[in-house]
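Report on one structure; see the data block that follows.
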Amino acid sequence: MSKNIRVRFAPSPTGPLHIGGVRTALFNYLFAKKHKGTFVLRIEDTDQKRYVEGAEDYIVNALEWCGFPFDEGPGKNEQFGPYRQSERKHLYKQYVEQLINEGKAYYAFDTAEQLDAHRKQYEAEGKTFIYNWHNRDKGHLVNSLTLTPEETQHKIVSGDDYVVRFLSPKDETLHLKDIIRGDIKIDTNTLDDKVLFKADGMPTYHLANIVDDYLMEISHVIRGEEWLPSLALHFQLYAAFGWEAPEFAHLPLILKPTGKGKLNKRDGDKLGFPVFPLAWTDPKTKAISRGYKEDGYFPETVVNFLAFLGWNPGTEQEIFALDDLVNAFDLNNVNKSGARFDPDKTKWFNHHYMQEQSHTDLAKAFKNMQPELANIDEGYIAMVIDLVKERATFVNDFWNLANYFFVAPRQYDEKASKKAFKDGTKEILETLKELVESIENVTAENLQNTIKAWITSNEIGFGKVMMPLRLALVGALQGPDVFDIMFMIGKNESIKRIENAIETM
RNA sequence: GCUCCGUUCGUAUAAUGGUUUAGUACGUCUGCCUUUCUAGCAGAAAAUAAGGGUUCGAUUCCCUUACGGAGUACCA
């Protein structure tokens, strides 16, 4: 076990990276760092039809924003490069040929339409079409196993489209190993002869994946559960090449918050939360998908909630910074069953990390997003944030929470005014105004002492005074301590707002 | 259909063949903050899918069923 730990995250650049993909990347990163290993990024762009412009940059940027960039990959420490499979095209051919020469793979000339027809026909008869020994030499399939070598040669030379299929054995039981799931037994009779090499000259995922993992000396393959059914093929491929297979760990899927199935892009739109780390504009349709970053989530939040989707530390600690996760992470603590995504819990994490942000950073971010704040001193904004932060989950909550620190209320909340503005309130506000005017050195403490003393000595109910005062100042029954508010907006502004309330009532 | 994987409060999960009246967090509900609150604090309700085994004893091990998920492409 002195082998170097090398893991890879190998997404396809077919669009923005889904949070499920981000979670896979995270677990790979965590595992690598925990074992002082290397986290490799490889771009699996063997399907030219699905290639999307900008997707690779998106992936890189997303990892960067989350705080776990790759150690090795396109344009970075390229010791095992290139890292885009499209740039490794020339490498794969020799390996398929090796397999063919050794009788472990064969040419197949069936067209997609023909195969489709076979599958349909089998289905109609209630049978399952499997492209393996059950069918491959029964005559209705065209491949180098049924053709003579001369016929095969002729077809290839004359330019017929062909694929290369893996020859899966009959009547064997495969013993697969997965770190998370343990031992899995597979009957090879249920396995298809998978396509290894496509007619367009590109390898399929399966071949490219195994060859690249081998060439890049990957020690552990940590990927989503959707790959579990392919594991049998991958094991056989390693064996066919005579290579030692890496260890595998298949991560549980991330499920929709409600209803059935895997979390997808539409769920986010429907239920009002992002499914992507960063916002994304589709280059073709121009449709915009929202991102965690743009929605006001902190990267710490995303990392923390993603880590808990399918993993737990075995203790009751829930708040983990990236470094803490590196220490605590263990593949043995990863769950087997799919994890339902919970947007509420995610918000709770964000609320937590909000409290840890510095007031100056928050003030900057708040000022940037709120045009009304353009001319307001950042120091003042920071003080306001200090007062309201504990009830904020996102930076864009601040305006709702604190707008009255910057602009006087234009109207009073209807329900609140019914509750607060009653007979005699006018007189109370008049007195309050005089009281405030009389205070020389306006501090929250002086205001409180003066006003409370007056309330007690006149035996008025606190509510009768404090509620209308709050309403006059804020426009609603919300916000932090009334005296803090008065101190912040100042004596003159406080008086103005009280006057305003008296007039409007 | 077939193959594989899974199943603890609504959700994420902890725990263990007996110490469990199954722990924690989010959410929900209630109360308290001497009477703002979306925050905080305190408390409450809430789960081992079902049926069979194995065992002195199972939520924990095995089997069956049910349910859920994934795969079943010349996509990854």
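Following the order of the structure tokens, first chain is A, next is B, and so on, with residues numbered from 1 inside each chain and ligands from 1 in the order they appear.
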inquiry  = Show me, as JSON, numbers by chain, every residue of chain B with an atom at most 8 Å from chain A, counting only C-alpha atoms (C1' of nucleotides).
reply    = {"B": [1, 2, 3, 4, 5, 6, 7, 11, 12, 13, 14, 24, 25, 26, 27, 35, 36, 37, 38, 39, 69, 70, 71, 74, 75, 76]}
Output the selection as a CSV table (one decimal), in the first residue's frame - C-alpha atoms (C1' of nucleotides) for each residue.
```csv
chain,number,residue,atom,x,y,z
B,1,G,C1',-39.2,-6.7,-19.0
B,2,C,C1',-34.1,-7.9,-17.5
B,3,U,C1',-29.6,-6.8,-14.4
B,4,C,C1',-27.5,-4.5,-10.2
B,5,C,C1',-27.9,-1.4,-5.8
B,6,G,C1',-30.7,0.2,-1.7
B,7,U,C1',-34.8,0.7,2.6
B,11,U,C1',-35.7,15.0,5.5
B,12,A,C1',-30.3,14.0,6.4
B,13,U,C1',-28.4,10.6,9.5
B,14,A,C1',-26.4,8.0,14.6
B,24,U,C1',-28.5,14.4,16.8
B,25,A,C1',-29.6,18.2,13.1
B,26,C,C1',-33.1,20.6,9.5
B,27,G,C1',-38.2,21.2,9.2
B,35,U,C1',-44.4,42.2,25.5
B,36,U,C1',-41.1,43.9,17.1
B,37,C,C1',-39.1,39.4,14.9
B,38,U,C1',-37.8,35.9,9.8
B,39,A,C1',-32.9,35.4,14.9
B,69,G,C1',-33.1,4.0,-7.3
B,70,A,C1',-29.7,3.2,-11.2
B,71,G,C1',-28.4,0.7,-15.6
B,74,C,C1',-21.8,3.6,-31.7
B,75,C,C1',-24.0,9.2,-24.0
B,76,A,C1',-21.0,9.9,-20.4
```
request  = For region 41-58 of chain B, work out the shell of residues within 7 Å, counting only C-alpha atoms (C1' of nucleotides) and skipping chain neighbours fewer than 5 positions away, then give it as a list in words.
outcome  = U8, C9, G17 and G18 of chain B
How would the residues just chosen look if you wrote them out with N, CA and C atoms (P, O5', C5', C4', C3', O3' and C1' of nucleotides) as an mmCIF file, in the first residue's frame?
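Here's the written file out04.cif:
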```
data_model
loop_
_atom_site.group_PDB
_atom_site.id
_atom_site.type_symbol
_atom_site.label_atom_id
_atom_site.label_comp_id
_atom_site.auth_asym_id
_atom_site.auth_seq_id
_atom_site.Cartn_x
_atom_site.Cartn_y
_atom_site.Cartn_z
ATOM 1 P P U B 8 -34.092 4.149 5.516
ATOM 2 O "O5'" U B 8 -34.386 4.086 7.081
ATOM 3 C "C5'" U B 8 -35.382 3.173 7.553
ATOM 4 C "C4'" U B 8 -35.529 3.376 9.024
ATOM 5 C "C3'" U B 8 -35.763 4.823 9.438
ATOM 6 O "O3'" U B 8 -37.127 5.155 9.364
ATOM 7 C "C1'" U B 8 -34.039 3.896 10.757
ATOM 8 P P C B 9 -37.556 6.437 8.554
ATOM 9 O "O5'" C B 9 -37.890 7.471 9.720
ATOM 10 C "C5'" C B 9 -38.603 8.678 9.407
ATOM 11 C "C4'" C B 9 -39.266 9.160 10.668
ATOM 12 C "C3'" C B 9 -39.777 10.610 10.617
ATOM 13 O "O3'" C B 9 -41.209 10.641 10.578
ATOM 14 C "C1'" C B 9 -38.718 10.094 12.681
ATOM 15 P P G B 17 -23.233 -4.949 17.375
ATOM 16 O "O5'" G B 17 -24.654 -5.629 17.117
ATOM 17 C "C5'" G B 17 -24.797 -6.992 17.390
ATOM 18 C "C4'" G B 17 -26.112 -7.189 18.103
ATOM 19 C "C3'" G B 17 -25.923 -7.594 19.552
ATOM 20 O "O3'" G B 17 -26.673 -6.790 20.429
ATOM 21 C "C1'" G B 17 -27.273 -9.157 18.366
ATOM 22 P P G B 18 -26.573 -5.547 21.003
ATOM 23 O "O5'" G B 18 -27.447 -5.644 22.340
ATOM 24 C "C5'" G B 18 -28.778 -5.112 22.347
ATOM 25 C "C4'" G B 18 -29.517 -5.726 23.500
ATOM 26 C "C3'" G B 18 -29.189 -5.126 24.858
ATOM 27 O "O3'" G B 18 -30.362 -4.510 25.354
ATOM 28 C "C1'" G B 18 -29.037 -7.515 24.903
#
```
Skip Phe483 (chain A) itself and residues of its chain fewer than 5 positions away, then list as a PDB file with N, CA and C atoms, in the first residue's frame all residues within 8 Å of it, counting only C-alpha atoms (C1' of nucleotides).
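Heads up, here's the output in around-v5.pdb:
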```
ATOM      1  N   ALA A 444     -27.551  54.992  22.528  1.00  0.00           N
ATOM      2  CA  ALA A 444     -28.628  54.022  22.725  1.00  0.00           C
ATOM      3  C   ALA A 444     -28.978  53.934  24.203  1.00  0.00           C
ATOM      4  N   GLU A 445     -27.941  54.020  25.019  1.00  0.00           N
ATOM      5  CA  GLU A 445     -28.155  53.881  26.457  1.00  0.00           C
ATOM      6  C   GLU A 445     -28.929  55.076  27.022  1.00  0.00           C
ATOM      7  N   LEU A 447     -30.877  57.105  25.443  1.00  0.00           N
ATOM      8  CA  LEU A 447     -32.244  57.072  24.931  1.00  0.00           C
ATOM      9  C   LEU A 447     -33.090  56.110  25.751  1.00  0.00           C
ATOM     10  N   GLN A 448     -32.510  54.967  25.975  1.00  0.00           N
ATOM     11  CA  GLN A 448     -33.236  53.933  26.704  1.00  0.00           C
ATOM     12  C   GLN A 448     -33.555  54.386  28.127  1.00  0.00           C
TER      13      GLN A 448
END
```
request  = Quick one: everything within 12 Å of Lys422 (chain A), counting only C-alpha atoms (C1' of nucleotides), minus sequence neighbours fewer than 6 positions away in the same chain. Send it as a ChimeraX atom specification.
outcome  = /A:416,428-429,463-465,467-468,502,505
